[in-house]
Amino acid sequence: MTDQPQGEPTSATVQVPTSERHVPVMLPRILELLAPVLEAAEHPVHVDGTLGMGGHAEAVLERFPHARVVGIDRDPQAIALAGQRLERFGGRFRAHHGTYDEVAAALALHEVGEADTLLYDLGVSSLQLDEVERGFSYRQDAPLDMRMDPTTGRTAAEILNTAEHGELARILKEFGEERFAGKIASAVLREREVEPFHGSARLVELLERTVPAASQRSGGHPAKRTFQALRIEVNRELSIWSTAVNHALDHLTVGGRLAVLSYHSLEDRITKRAMADGATSSAPPDLPVELPEHAPWLRLVTRGAEKPTADEVAANRRSSSARLRVAERTRATAPISPTGSTRPTRRR
């Protein structure tokens, strides 16, 4: 998946094979990092928490013939396309329609409670970017929808047309890291008094008028941050990911690995903190001896966040902002309670 639109979207009416519509990001490196687990387990279970068009899932099923895969996606169109692509693997593949924090429900499709490996490729998918009518891209006029699951939730247009100034400014500043959030919010409120927002072109024109020219020259397209912020708010991406990363770790078997591809600092920060908490002792600072229950229960497999190679970025511009982190569970922790995790957490 990706975070920033690159190139011109194509119409949904253009029939292109699913395998040609999306290039899985950092695929060889991800397979290399997951291989020690998937090759060692007798009947490993892999969760693709952001199935998309099934590129990463297909590679796992092909390389590890004893692996079973369950894919999670909130987008019904992605489920359908990936299902067709992976049909040849029969019962080794199952799909769960839902948000990526629904790990337990997804695992139940293979009648297991833990995964050997999990992968999350965060951000908006190529499928969603390339379907003009979904409204994710600021490069062509389209309805301001931006819902990853178009059957539920508020659209971006509804947020623009109903949010109060303070709420809209907060969304733009917090999720888009937009310096001119207040100024943009004021412009939106004035403009919607004339006519409610429906299409992306009108919003892009407003942003081009509102964001100072100097910032546009140095900071990229003036709509980039606003569209990112609206998409994150519409789909509750950060709040769901904050829950999902912990659910993923809680359902990871001992010796199992979690891999996460992030595309902007906000989601990477959540990933980094969750992994660092598990890889750090939770013992009180004045305790003379570390008790077993205070010992770290994760090992950081990657040193910081790995980036795609220059060759990959040249071949696939959508990979340019990707950051990969992988962690391995090293020991069991307290059982997961019905209301949440009871595993130890780092003392801050």
# chains A, B, ... in the order shown; residues from 1 in each chain; ligands from 1
call {"tool": "select_by_dssp", "arguments": {"residues": "segment 101-303 of chain A", "states": "strand (DSSP E or B)", "output": "ChimeraX atom specification"}}
result
/A:115-121,124,131,143,199,252-262,298-300
call {"tool": "closest_atom_pairs", "arguments": {"of": "segment 177-273 of chain A", "to": "segment 120-124 of chain A", "cutoff": "7 Å", "atoms": "only C-alpha atoms", "output": "tab-separated table"}}
result
residue	atom	partner	partner_atom	distance
A:Ala259	CA	A:Tyr120	CA	6.4
A:Val260	CA	A:Tyr120	CA	4.8
A:Leu261	CA	A:Asp121	CA	4.7
A:Ser262	CA	A:Leu122	CA	5.4
A:Tyr263	CA	A:Gly123	CA	6.5
call {"tool": "write_last_selection", "arguments": {"atoms": "all heavy atoms", "output": "PDB file, in the first residue's frame"}}
result
ATOM      1  N   ALA A 259       5.484  -7.943  11.017  1.00  0.00           N
ATOM      2  CA  ALA A 259       6.117  -6.989  10.104  1.00  0.00           C
ATOM      3  C   ALA A 259       5.129  -5.886   9.781  1.00  0.00           C
ATOM      4  O   ALA A 259       3.964  -6.162   9.482  1.00  0.00           O
ATOM      5  CB  ALA A 259       6.561  -7.690   8.822  1.00  0.00           C
ATOM      6  N   VAL A 260       5.588  -4.636   9.809  1.00  0.00           N
ATOM      7  CA  VAL A 260       4.719  -3.489   9.564  1.00  0.00           C
ATOM      8  C   VAL A 260       5.391  -2.533   8.589  1.00  0.00           C
ATOM      9  O   VAL A 260       6.518  -2.083   8.811  1.00  0.00           O
ATOM     10  CB  VAL A 260       4.391  -2.729  10.866  1.00  0.00           C
ATOM     11  CG1 VAL A 260       3.468  -1.553  10.570  1.00  0.00           C
ATOM     12  CG2 VAL A 260       3.769  -3.662  11.900  1.00  0.00           C
ATOM     13  N   LEU A 261       4.689  -2.231   7.505  1.00  0.00           N
ATOM     14  CA  LEU A 261       5.099  -1.204   6.552  1.00  0.00           C
ATOM     15  C   LEU A 261       4.281   0.051   6.821  1.00  0.00           C
ATOM     16  O   LEU A 261       3.053   0.031   6.744  1.00  0.00           O
ATOM     17  CB  LEU A 261       4.842  -1.668   5.117  1.00  0.00           C
ATOM     18  CG  LEU A 261       5.890  -2.554   4.448  1.00  0.00           C
ATOM     19  CD1 LEU A 261       5.303  -3.135   3.166  1.00  0.00           C
ATOM     20  CD2 LEU A 261       7.156  -1.771   4.147  1.00  0.00           C
ATOM     21  N   SER A 262       4.951   1.148   7.149  1.00  0.00           N
ATOM     22  CA  SER A 262       4.285   2.435   7.373  1.00  0.00           C
ATOM     23  C   SER A 262       4.726   3.411   6.296  1.00  0.00           C
ATOM     24  O   SER A 262       5.810   3.274   5.727  1.00  0.00           O
ATOM     25  CB  SER A 262       4.649   2.999   8.748  1.00  0.00           C
ATOM     26  OG  SER A 262       4.320   2.095   9.783  1.00  0.00           O
ATOM     27  N   TYR A 263       3.882   4.441   6.075  1.00  0.00           N
ATOM     28  CA  TYR A 263       4.175   5.396   5.012  1.00  0.00           C
ATOM     29  C   TYR A 263       4.201   6.839   5.492  1.00  0.00           C
ATOM     30  O   TYR A 263       4.463   7.736   4.700  1.00  0.00           O
ATOM     31  CB  TYR A 263       3.170   5.230   3.860  1.00  0.00           C
ATOM     32  CG  TYR A 263       3.311   3.887   3.191  1.00  0.00           C
ATOM     33  CD1 TYR A 263       2.657   2.778   3.701  1.00  0.00           C
ATOM     34  CD2 TYR A 263       4.116   3.727   2.076  1.00  0.00           C
ATOM     35  CE1 TYR A 263       2.800   1.532   3.109  1.00  0.00           C
ATOM     36  CE2 TYR A 263       4.270   2.491   1.472  1.00  0.00           C
ATOM     37  CZ  TYR A 263       3.609   1.393   2.002  1.00  0.00           C
ATOM     38  OH  TYR A 263       3.755   0.162   1.416  1.00  0.00           O
TER      39      TYR A 263
END
call {"tool": "atom_distance", "arguments": {"atom1": "atom CA of Ala279 of chain A", "atom2": "atom CA of Val245 of chain A"}}
result
14.4 Å
call {"tool": "closest_atom_pairs", "arguments": {"of": "segment 84-156 of chain A", "to": "segment 215-223 of chain A", "cutoff": "10 Å", "atoms": "only C-alpha atoms", "output": "tab-separated table"}}
result
residue	atom	partner	partner_atom	distance
A:Ser137	CA	A:Ala223	CA	9.4
A:Tyr138	CA	A:Ala223	CA	6.6
A:Arg139	CA	A:Ala223	CA	9.2
call {"tool": "closest_residue", "arguments": {"among": "A:Asp73, A:Asp141, A:Glu177, A:Glu193", "to": "Leu160 of chain A", "atoms": "only C-alpha atoms"}}
result
A:Glu193
call {"tool": "residues_around", "arguments": {"residues": "Glu58 of chain A", "least_positions_apart": "5", "cutoff": "9 Å", "atoms": "only C-alpha atoms", "output": "list in words"}}
result
Arg63, Ala82, Arg85, Leu86 and Phe89 of chain A
call {"tool": "residues_around", "arguments": {"residues": "segment 35-49 of chain A", "least_positions_apart": "3", "cutoff": "7 Å", "atoms": "only C-alpha atoms", "output": "PyMOL selection string"}}
result
chain A and resi 31-32+57+64+66-73+100+115-120+256
call {"tool": "write_last_selection", "arguments": {"atoms": "N, CA, C and O atoms", "output": "compact mmCIF listing (two decimals), in the first residue's frame"}}
result
# COMPACT_ATOMS: atom_id res chain seq x y z
N LEU A 31 9.70 -11.21 2.75
CA LEU A 31 9.75 -12.68 2.70
C LEU A 31 11.00 -13.20 3.40
O LEU A 31 10.95 -14.22 4.10
N GLU A 32 12.12 -12.50 3.24
CA GLU A 32 13.36 -12.90 3.89
C GLU A 32 13.24 -12.85 5.41
O GLU A 32 13.71 -13.75 6.13
N ALA A 57 0.17 -11.57 0.00
CA ALA A 57 -0.41 -12.86 0.36
C ALA A 57 -0.07 -13.93 -0.67
O ALA A 57 0.26 -15.07 -0.33
N PHE A 64 5.88 -20.53 0.51
CA PHE A 64 5.81 -21.42 1.66
C PHE A 64 4.60 -22.35 1.48
O PHE A 64 3.49 -22.04 1.93
N HIS A 66 3.40 -24.93 2.76
CA HIS A 66 2.67 -25.48 3.91
C HIS A 66 1.94 -24.39 4.70
O HIS A 66 1.24 -24.70 5.67
N ALA A 67 2.10 -23.14 4.27
CA ALA A 67 1.49 -22.04 5.01
C ALA A 67 0.03 -21.86 4.65
O ALA A 67 -0.39 -22.10 3.52
N ARG A 68 -0.74 -21.44 5.64
CA ARG A 68 -2.12 -21.00 5.43
C ARG A 68 -2.15 -19.50 5.68
O ARG A 68 -1.45 -19.00 6.56
N VAL A 69 -2.97 -18.81 4.91
CA VAL A 69 -3.02 -17.35 4.99
C VAL A 69 -4.46 -16.91 5.21
O VAL A 69 -5.38 -17.44 4.60
N VAL A 70 -4.63 -15.93 6.10
CA VAL A 70 -5.91 -15.27 6.23
C VAL A 70 -5.69 -13.78 5.97
O VAL A 70 -4.76 -13.18 6.52
N GLY A 71 -6.48 -13.21 5.08
CA GLY A 71 -6.34 -11.80 4.73
C GLY A 71 -7.49 -10.98 5.27
O GLY A 71 -8.65 -11.41 5.22
N ILE A 72 -7.17 -9.81 5.81
CA ILE A 72 -8.18 -8.90 6.36
C ILE A 72 -8.23 -7.64 5.50
O ILE A 72 -7.19 -7.07 5.17
N ASP A 73 -9.42 -7.22 5.14
CA ASP A 73 -9.57 -5.93 4.45
C ASP A 73 -10.98 -5.41 4.66
O ASP A 73 -11.93 -6.19 4.66
N TYR A 100 -8.53 -3.94 10.40
CA TYR A 100 -7.37 -4.78 10.68
C TYR A 100 -7.08 -5.01 12.16
O TYR A 100 -6.10 -5.66 12.50
N ALA A 115 -1.14 -16.50 15.44
CA ALA A 115 -0.51 -16.47 14.12
C ALA A 115 0.99 -16.66 14.28
O ALA A 115 1.58 -16.22 15.27
N ASP A 116 1.60 -17.30 13.29
CA ASP A 116 3.05 -17.42 13.28
C ASP A 116 3.69 -16.16 12.74
O ASP A 116 4.76 -15.75 13.21
N THR A 117 3.07 -15.54 11.77
CA THR A 117 3.55 -14.26 11.23
C THR A 117 2.37 -13.38 10.90
O THR A 117 1.29 -13.87 10.56
N LEU A 118 2.58 -12.08 10.99
CA LEU A 118 1.57 -11.10 10.59
C LEU A 118 2.26 -10.00 9.81
O LEU A 118 3.40 -9.62 10.11
N LEU A 119 1.55 -9.48 8.82
CA LEU A 119 2.05 -8.38 8.01
C LEU A 119 0.97 -7.31 7.88
O LEU A 119 -0.19 -7.63 7.59
N TYR A 120 1.37 -6.06 8.10
CA TYR A 120 0.47 -4.93 7.87
C TYR A 120 1.16 -3.96 6.92
O TYR A 120 2.28 -3.51 7.18
N GLY A 256 7.08 -16.12 16.83
CA GLY A 256 6.46 -15.52 15.65
C GLY A 256 6.92 -14.09 15.42
O GLY A 256 7.49 -13.46 16.31
